[in-house]
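Below: model.tsv (TSV, C-alpha atoms)
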chain	number	residue	atom	x	y	z
A	280	SER	CA	-12.59	-7.33	0.45
A	281	ALA	CA	-13.15	-5.23	3.57
A	282	VAL	CA	-14.44	-1.79	4.45
A	283	ILE	CA	-11.85	0.08	6.46
A	284	SER	CA	-12.22	3.45	8.14
A	285	GLN	CA	-9.65	5.67	9.79
A	286	LYS	CA	-10.02	8.53	12.22
A	287	PRO	CA	-9.08	11.31	11.99
A	288	SER	CA	-8.92	11.75	8.23
A	289	ARG	CA	-6.47	14.61	8.68
A	290	ASP	CA	-4.97	16.69	11.47
A	291	ILE	CA	-2.56	19.51	12.06
A	292	CYS	CA	-0.55	19.10	15.24
A	293	GLN	CA	2.14	20.99	17.06
A	294	ARG	CA	5.58	19.51	17.53
A	295	GLY	CA	6.10	17.67	20.77
A	296	THR	CA	2.51	16.46	20.98
A	297	SER	CA	1.09	13.00	20.23
A	298	LEU	CA	-1.72	11.84	17.96
A	299	THR	CA	-3.60	8.56	18.08
A	300	ILE	CA	-5.00	7.24	14.80
A	301	GLN	CA	-7.82	4.72	14.83
A	302	CYS	CA	-8.45	2.00	12.28
A	303	GLN	CA	-11.76	0.13	12.17
A	304	VAL	CA	-12.63	-2.75	9.83
A	305	ASP	CA	-16.08	-4.17	9.15
A	306	SER	CA	-15.08	-7.80	9.60
A	307	GLN	CA	-12.80	-9.79	11.87
A	308	VAL	CA	-9.23	-9.97	10.59
A	309	THR	CA	-6.14	-11.49	12.12
A	310	MET	CA	-3.47	-9.33	10.53
A	311	MET	CA	-3.46	-5.55	10.46
A	312	PHE	CA	-0.63	-3.38	9.25
A	313	TRP	CA	0.40	0.25	9.67
A	314	TYR	CA	2.23	2.12	6.89
A	315	ARG	CA	3.69	5.56	6.45
A	316	GLN	CA	3.63	7.37	3.12
A	317	GLN	CA	5.70	10.53	3.01
A	318	PRO	CA	4.63	13.21	0.51
A	319	GLY	CA	5.04	11.95	-3.05
A	320	GLN	CA	6.66	8.73	-1.89
A	321	SER	CA	5.91	5.04	-1.71
A	322	LEU	CA	4.55	3.10	1.24
A	323	THR	CA	6.80	2.01	4.09
A	324	LEU	CA	5.66	-0.58	6.60
A	325	ILE	CA	5.84	0.61	10.20
A	326	ALA	CA	4.61	-2.50	11.99
A	327	THR	CA	2.42	-5.57	11.84
A	328	ALA	CA	-0.32	-5.82	14.47
A	329	ASN	CA	-1.49	-9.36	15.11
A	330	GLN	CA	-4.39	-9.60	17.55
A	331	GLY	CA	-3.32	-11.10	20.85
A	332	SER	CA	0.38	-10.41	20.52
A	333	GLU	CA	2.79	-7.50	20.56
A	334	ALA	CA	3.20	-5.57	17.36
A	335	THR	CA	6.23	-6.37	15.24
A	336	TYR	CA	8.14	-3.29	14.14
A	337	GLU	CA	10.22	-2.83	11.00
A	338	SER	CA	13.76	-1.57	11.05
A	339	GLY	CA	13.84	2.15	11.77
A	340	PHE	CA	10.58	2.20	13.72
A	341	VAL	CA	10.38	1.78	17.50
A	342	ILE	CA	7.56	1.17	19.92
A	343	ASP	CA	8.30	4.27	21.99
A	344	LYS	CA	7.71	6.47	18.96
A	345	PHE	CA	4.86	4.49	17.36
A	346	PRO	CA	2.99	2.52	20.04
A	347	ILE	CA	0.27	0.29	18.62
A	348	SER	CA	-2.73	-1.31	20.24
A	349	ARG	CA	-4.77	-4.21	18.86
A	350	PRO	CA	-7.51	-4.89	21.40
A	351	ASN	CA	-9.73	-7.03	19.14
A	352	LEU	CA	-10.10	-8.44	15.64
A	353	THR	CA	-11.70	-5.32	14.12
A	354	PHE	CA	-9.77	-2.40	15.62
A	355	SER	CA	-6.27	-1.01	16.02
A	356	THR	CA	-4.65	2.27	16.96
A	357	LEU	CA	-1.32	3.82	16.06
A	358	THR	CA	0.06	6.65	18.16
A	359	VAL	CA	2.64	9.04	16.75
A	360	SER	CA	4.49	10.31	19.82
A	361	ASN	CA	6.51	13.43	20.47
A	362	MET	CA	5.91	14.60	16.92
A	363	SER	CA	8.32	16.62	14.80
A	364	PRO	CA	7.80	18.11	11.32
A	365	GLU	CA	9.52	15.02	9.88
A	366	ASP	CA	6.52	12.99	11.01
A	367	SER	CA	4.30	14.84	8.52
A	368	SER	CA	3.01	12.00	6.36
A	369	ILE	CA	0.00	9.96	5.42
A	370	TYR	CA	-0.52	7.09	7.83
A	371	LEU	CA	-2.38	4.10	6.41
A	372	CYS	CA	-3.72	0.96	7.98
A	373	SER	CA	-4.33	-2.17	6.00
A	374	VAL	CA	-5.87	-5.55	6.71
A	375	GLU	CA	-5.11	-8.95	5.32
A	376	VAL	CA	-8.16	-10.72	3.99
A	377	ALA	CA	-8.36	-14.43	3.18
A	378	GLY	CA	-4.70	-14.95	4.02
A	379	GLY	CA	-1.96	-15.11	1.43
A	380	SER	CA	-0.75	-11.53	1.82
A	381	LYS	CA	-3.76	-9.93	0.09
A	382	GLN	CA	-4.10	-6.52	1.78
A	383	TYR	CA	-6.74	-3.83	1.61
A	384	PHE	CA	-6.05	-0.28	2.71
A	385	GLY	CA	-7.94	2.33	4.63
A	386	PRO	CA	-8.32	5.90	3.33
A	387	GLY	CA	-5.37	7.20	5.33
A	388	THR	CA	-4.77	9.90	7.93
A	389	ARG	CA	-3.02	13.01	6.65
A	390	LEU	CA	-0.85	14.41	9.41
A	391	THR	CA	0.88	17.77	9.33
A	392	VAL	CA	3.20	18.70	12.16
A	393	THR	CA	4.04	22.38	12.60
B	245	GLY	CA	15.46	-8.26	2.08
B	246	GLU	CA	13.25	-7.80	-0.94
B	247	ASN	CA	13.81	-4.82	-3.24
B	248	VAL	CA	11.26	-3.78	-5.86
B	249	GLU	CA	12.09	-1.38	-8.68
B	250	GLN	CA	9.36	0.24	-10.75
B	251	HIS	CA	9.50	2.05	-14.10
B	252	PRO	CA	8.64	4.52	-15.42
B	253	SER	CA	8.11	7.03	-12.64
B	254	THR	CA	5.75	9.06	-14.83
B	255	LEU	CA	3.76	8.04	-17.88
B	256	SER	CA	1.53	10.15	-20.09
B	257	VAL	CA	-0.71	8.51	-22.69
B	258	GLN	CA	-3.49	9.60	-24.99
B	259	GLU	CA	-6.96	8.41	-24.10
B	260	GLY	CA	-7.60	5.08	-25.79
B	261	ASP	CA	-3.93	4.10	-25.93
B	262	SER	CA	-2.35	1.37	-23.82
B	263	ALA	CA	-0.14	1.89	-20.77
B	264	VAL	CA	2.49	-0.51	-19.46
B	265	ILE	CA	4.23	-0.28	-16.08
B	266	LYS	CA	7.10	-2.63	-15.24
B	267	CYS	CA	8.52	-3.88	-11.94
B	268	THR	CA	11.48	-6.06	-11.06
B	269	TYR	CA	12.09	-7.79	-7.75
B	270	SER	CA	15.17	-9.22	-6.15
B	271	ASP	CA	14.04	-12.10	-3.92
B	272	SER	CA	13.35	-15.27	-5.88
B	273	ALA	CA	11.26	-16.53	-2.94
B	274	SER	CA	8.59	-13.87	-3.60
B	275	ASN	CA	5.36	-15.47	-4.77
B	276	TYR	CA	2.67	-12.81	-4.63
B	277	PHE	CA	2.55	-9.64	-6.73
B	278	PRO	CA	-0.30	-7.14	-6.28
B	279	TRP	CA	-0.90	-3.84	-8.02
B	280	TYR	CA	-2.50	-0.85	-6.32
B	281	LYS	CA	-4.05	2.31	-7.72
B	282	GLN	CA	-3.94	5.41	-5.55
B	283	GLU	CA	-6.04	8.41	-6.48
B	284	LEU	CA	-5.34	11.80	-5.02
B	285	GLY	CA	-6.36	12.00	-1.38
B	286	LYS	CA	-7.28	8.33	-1.13
B	287	GLY	CA	-5.77	5.11	0.13
B	288	PRO	CA	-4.29	2.55	-2.28
B	289	GLN	CA	-6.87	0.33	-3.98
B	290	LEU	CA	-6.00	-3.25	-4.92
B	291	ILE	CA	-6.78	-3.59	-8.62
B	292	ILE	CA	-5.24	-6.91	-9.60
B	293	ASP	CA	-2.81	-9.46	-8.24
B	294	ILE	CA	-0.98	-12.55	-9.43
B	295	ARG	CA	0.73	-15.49	-7.80
B	296	SER	CA	3.80	-17.24	-9.06
B	297	ASN	CA	1.97	-20.30	-10.33
B	298	VAL	CA	0.25	-18.12	-12.96
B	299	GLY	CA	1.94	-16.33	-15.86
B	300	GLU	CA	-0.82	-13.89	-16.75
B	301	LYS	CA	-4.08	-12.65	-15.30
B	302	LYS	CA	-6.65	-10.37	-16.87
B	303	ASP	CA	-9.58	-8.39	-15.54
B	304	GLN	CA	-11.42	-6.39	-18.18
B	305	ARG	CA	-9.02	-3.64	-19.34
B	306	ILE	CA	-6.20	-4.49	-16.97
B	307	ALA	CA	-3.81	-7.42	-17.06
B	308	VAL	CA	-0.70	-8.47	-15.20
B	309	THR	CA	2.09	-10.66	-16.55
B	310	LEU	CA	4.76	-12.40	-14.52
B	311	ASN	CA	8.13	-13.75	-15.59
B	312	LYS	CA	9.57	-15.58	-12.58
B	313	THR	CA	12.77	-16.51	-14.35
B	314	ALA	CA	13.59	-12.90	-15.08
B	315	LYS	CA	11.98	-11.71	-11.82
B	316	HIS	CA	9.81	-9.08	-13.38
B	317	PHE	CA	6.10	-8.39	-13.68
B	318	SER	CA	4.11	-5.82	-15.57
B	319	LEU	CA	0.75	-4.06	-15.47
B	320	HIS	CA	-1.02	-3.49	-18.77
B	321	ILE	CA	-3.95	-1.12	-19.11
B	322	THR	CA	-5.72	-1.09	-22.46
B	323	GLU	CA	-8.12	1.51	-23.86
B	324	THR	CA	-7.08	4.00	-21.21
B	325	GLN	CA	-9.61	6.48	-19.88
B	326	PRO	CA	-9.12	9.75	-17.98
B	327	GLU	CA	-10.31	8.03	-14.80
B	328	ASP	CA	-7.29	5.73	-15.04
B	329	SER	CA	-5.14	8.74	-14.12
B	330	ALA	CA	-3.59	7.96	-10.72
B	331	VAL	CA	-0.42	6.69	-9.08
B	332	TYR	CA	0.12	2.96	-9.49
B	333	PHE	CA	2.23	0.87	-7.11
B	334	CYS	CA	3.50	-2.65	-7.58
B	335	ALA	CA	4.45	-4.82	-4.62
B	336	ALA	CA	5.95	-8.19	-3.85
B	337	SER	CA	5.57	-10.64	-0.98
B	338	MET	CA	6.42	-14.20	0.01
B	339	GLY	CA	2.70	-14.79	-0.26
B	340	SER	CA	1.88	-16.34	3.09
B	341	SER	CA	-0.34	-14.91	5.80
B	342	GLY	CA	1.37	-12.06	7.61
B	343	ASP	CA	4.15	-11.66	5.09
B	344	LYS	CA	5.02	-8.05	4.43
B	345	LEU	CA	4.48	-6.31	1.14
B	346	THR	CA	7.47	-4.48	-0.34
B	347	PHE	CA	6.33	-1.67	-2.60
B	348	GLY	CA	7.81	-0.17	-5.71
B	349	THR	CA	8.37	3.56	-5.99
B	350	GLY	CA	5.18	4.26	-7.91
B	351	THR	CA	4.21	5.41	-11.41
B	352	ARG	CA	2.17	8.54	-11.97
B	353	LEU	CA	-0.08	7.85	-14.97
B	354	ALA	CA	-1.75	10.73	-16.77
B	355	VAL	CA	-4.32	9.98	-19.45
B	356	ARG	CA	-4.82	12.93	-21.80
B	357	PRO	CA	-8.38	13.32	-23.08
Write-out of the structure in structure tokens:
Amino acid sequence: SAVISQKPSRDICQRGTSLTIQCQVDSQVTMMFWYRQQPGQSLTLIATANQGSEATYESGFVIDKFPISRPNLTFSTLTVSNMSPEDSSIYLCSVEVAGGSKQYFGPGTRLTVT
Amino acid sequence: GENVEQHPSTLSVQEGDSAVIKCTYSDSASNYFPWYKQELGKGPQLIIDIRSNVGEKKDQRIAVTLNKTAKHFSLHITETQPEDSAVYFCAASMGSSGDKLTFGTGTRLAVRP
């Protein structure tokens, strides 16, 4: 498995501002993923962040709104830009370990936009 | 794309009883089926997974069964305990590196002491 940390654990932000969420893993991984989990809902993939290449975004998510950085094999950031109350969600990063789609999740960042 | 349905949405059992959660998937090319447990305020925790070349897998009180022909898989928890209370998610994937996981809608399990 892997030990994954996220910062911040929670935040309350005003609409129109941006928040950058950090994800740190204790071992080198090729694939990292960012998910959104709206209150009481399932997980929706935002994008896949492969080190050394541009992030790949899922339908409905765009780079201007959710820019992602992946500077090395243990770290990634997700920025939620120009926030609105609809962006209030839990944002989760995950890493793929040992290939084959096996993913482990971080603790999540709980974002509230007022 | 893949679509995963999960039932029931809520499940309440008496401590010591068994709990079964069922998922169906649409894409016959899916080969990897993990189950996650999410406790309140925490990230999802991988509890068991199965690949399509295996029909059943067991780990202590939890087991997963897979029927590829019918495209459904199930999570079985025996001798339930209050600490099993959580939201459980199933997921499906093609099973190769980088392939996305498609999640079910979740089952909220409550174990009554």
Which residues of chain B come within 10 Å of chain A, and for each one, what is the closest pair of atoms and their distance in Å to one decimal, counting only C-alpha atoms, sorted by chain and residue number, as CSV?
residue,atom,partner,partner_atom,distance
B:Asn275,CA,A:Gly379,CA,9.6
B:Tyr276,CA,A:Ser380,CA,7.4
B:Phe277,CA,A:Lys381,CA,9.3
B:Pro278,CA,A:Lys381,CA,7.8
B:Tyr280,CA,A:Tyr383,CA,9.5
B:Gln282,CA,A:Pro386,CA,9.9
B:Gly285,CA,A:Pro386,CA,8.0
B:Lys286,CA,A:Pro386,CA,5.2
B:Gly287,CA,A:Pro386,CA,4.2
B:Pro288,CA,A:Phe384,CA,6.0
B:Gln289,CA,A:Phe384,CA,6.8
B:Leu290,CA,A:Tyr383,CA,6.6
B:Asp293,CA,A:Lys381,CA,8.4
B:Arg295,CA,A:Gly379,CA,9.6
B:Val331,CA,A:Gly319,CA,9.7
B:Tyr332,CA,A:Ser321,CA,9.9
B:Phe333,CA,A:Ser321,CA,7.8
B:Cys334,CA,A:Ser321,CA,10.0
B:Ala335,CA,A:Leu322,CA,9.9
B:Ala336,CA,A:Ser380,CA,9.4
B:Ser337,CA,A:Ser380,CA,7.0
B:Met338,CA,A:Ser380,CA,7.9
B:Gly339,CA,A:Gly379,CA,5.0
B:Ser340,CA,A:Gly379,CA,4.4
B:Ser341,CA,A:Gly379,CA,4.7
B:Gly342,CA,A:Ser380,CA,6.2
B:Asp343,CA,A:Ser380,CA,5.9
B:Lys344,CA,A:Ser380,CA,7.2
B:Leu345,CA,A:Ser380,CA,7.4
B:Thr346,CA,A:Thr323,CA,7.9
B:Phe347,CA,A:Leu322,CA,6.4
B:Gly348,CA,A:Ser321,CA,6.8
B:Thr349,CA,A:Ser321,CA,5.2
B:Gly350,CA,A:Ser321,CA,6.3
B:Thr351,CA,A:Ser321,CA,9.9
B:Arg352,CA,A:Gly319,CA,10.0
Select, from B:Val308, B:Leu319, B:Ile291, B:Ala314, the residue with the minimum atom-to-atom distance to Ile265 of chain B, counting only C-alpha atoms.
B:Leu319
Point (3.9, 11.1, 6.1) neighbourhood (7 Å, all atoms listed in the file) written as a ChimeraX atom specification
/A:315-318,366-370,390
Selected residues, C-alpha atoms, written as an mmCIF file, in the frame of the given file, please.
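Once written, result-v9.cif looks like this:
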data_model
loop_
_atom_site.group_PDB
_atom_site.id
_atom_site.type_symbol
_atom_site.label_atom_id
_atom_site.label_comp_id
_atom_site.auth_asym_id
_atom_site.auth_seq_id
_atom_site.Cartn_x
_atom_site.Cartn_y
_atom_site.Cartn_z
ATOM 1 C CA ARG A 315 3.690 5.560 6.450
ATOM 2 C CA GLN A 316 3.630 7.370 3.120
ATOM 3 C CA GLN A 317 5.700 10.530 3.010
ATOM 4 C CA PRO A 318 4.630 13.210 0.510
ATOM 5 C CA ASP A 366 6.520 12.990 11.010
ATOM 6 C CA SER A 367 4.300 14.840 8.520
ATOM 7 C CA SER A 368 3.010 12.000 6.360
ATOM 8 C CA ILE A 369 0.000 9.960 5.420
ATOM 9 C CA TYR A 370 -0.520 7.090 7.830
ATOM 10 C CA LEU A 390 -0.850 14.410 9.410
#
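Counting from atom CA of Gly245 of chain B, the distance to atom CA of Asp271 of chain B is 7.3 Å.
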Report the distance between atom CA of Tyr336 of chain A and atom CA of Gln293 of chain A in Å, rounded to one decimal place.
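Those two atoms sit 25.2 Å apart.
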Using only C-alpha atoms for the distances, tell me which of A:Thr391, A:Ser306, A:Gln285, A:Gln301 is nearest to Ser363 of chain A.
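Between A:Thr391, A:Ser306, A:Gln285, A:Gln301, the residue approaching Ser363 of chain A most closely is A:Thr391.
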Pick out the residues sitting within 8 Å of segment 295-298 of chain A, and hand them over as number ranges by chain; count all atoms listed in the file, and ignore anything fewer than 4 positions along from it in its own chain.
A: 358-363
Contacts of Arg349 of chain A within 9 Å, only C-alpha atoms, excl. fewer than 2 positions in-chain, as a count of residues only
15
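The interatomic distance for the pair atom CA of Thr393 of chain A and atom CA of Ala330 of chain B works out to 28.5 Å.
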So which one's closest to Phe317 of chain B, B:Thr268, B:Ser274, B:Thr254, B:Ser296? Using only C-alpha atoms, please.
B:Thr268
Have a look at A:Trp313, A:Leu357, A:Ala281, A:Val392 and name the one nearest to Lys344 of chain A; count only C-alpha atoms.
A:Leu357
Considering only C-alpha atoms, can you say which of B:Ala263, B:Ser318, B:Val355, B:Ser272 comes closest to Ile294 of chain B?
B:Ser318
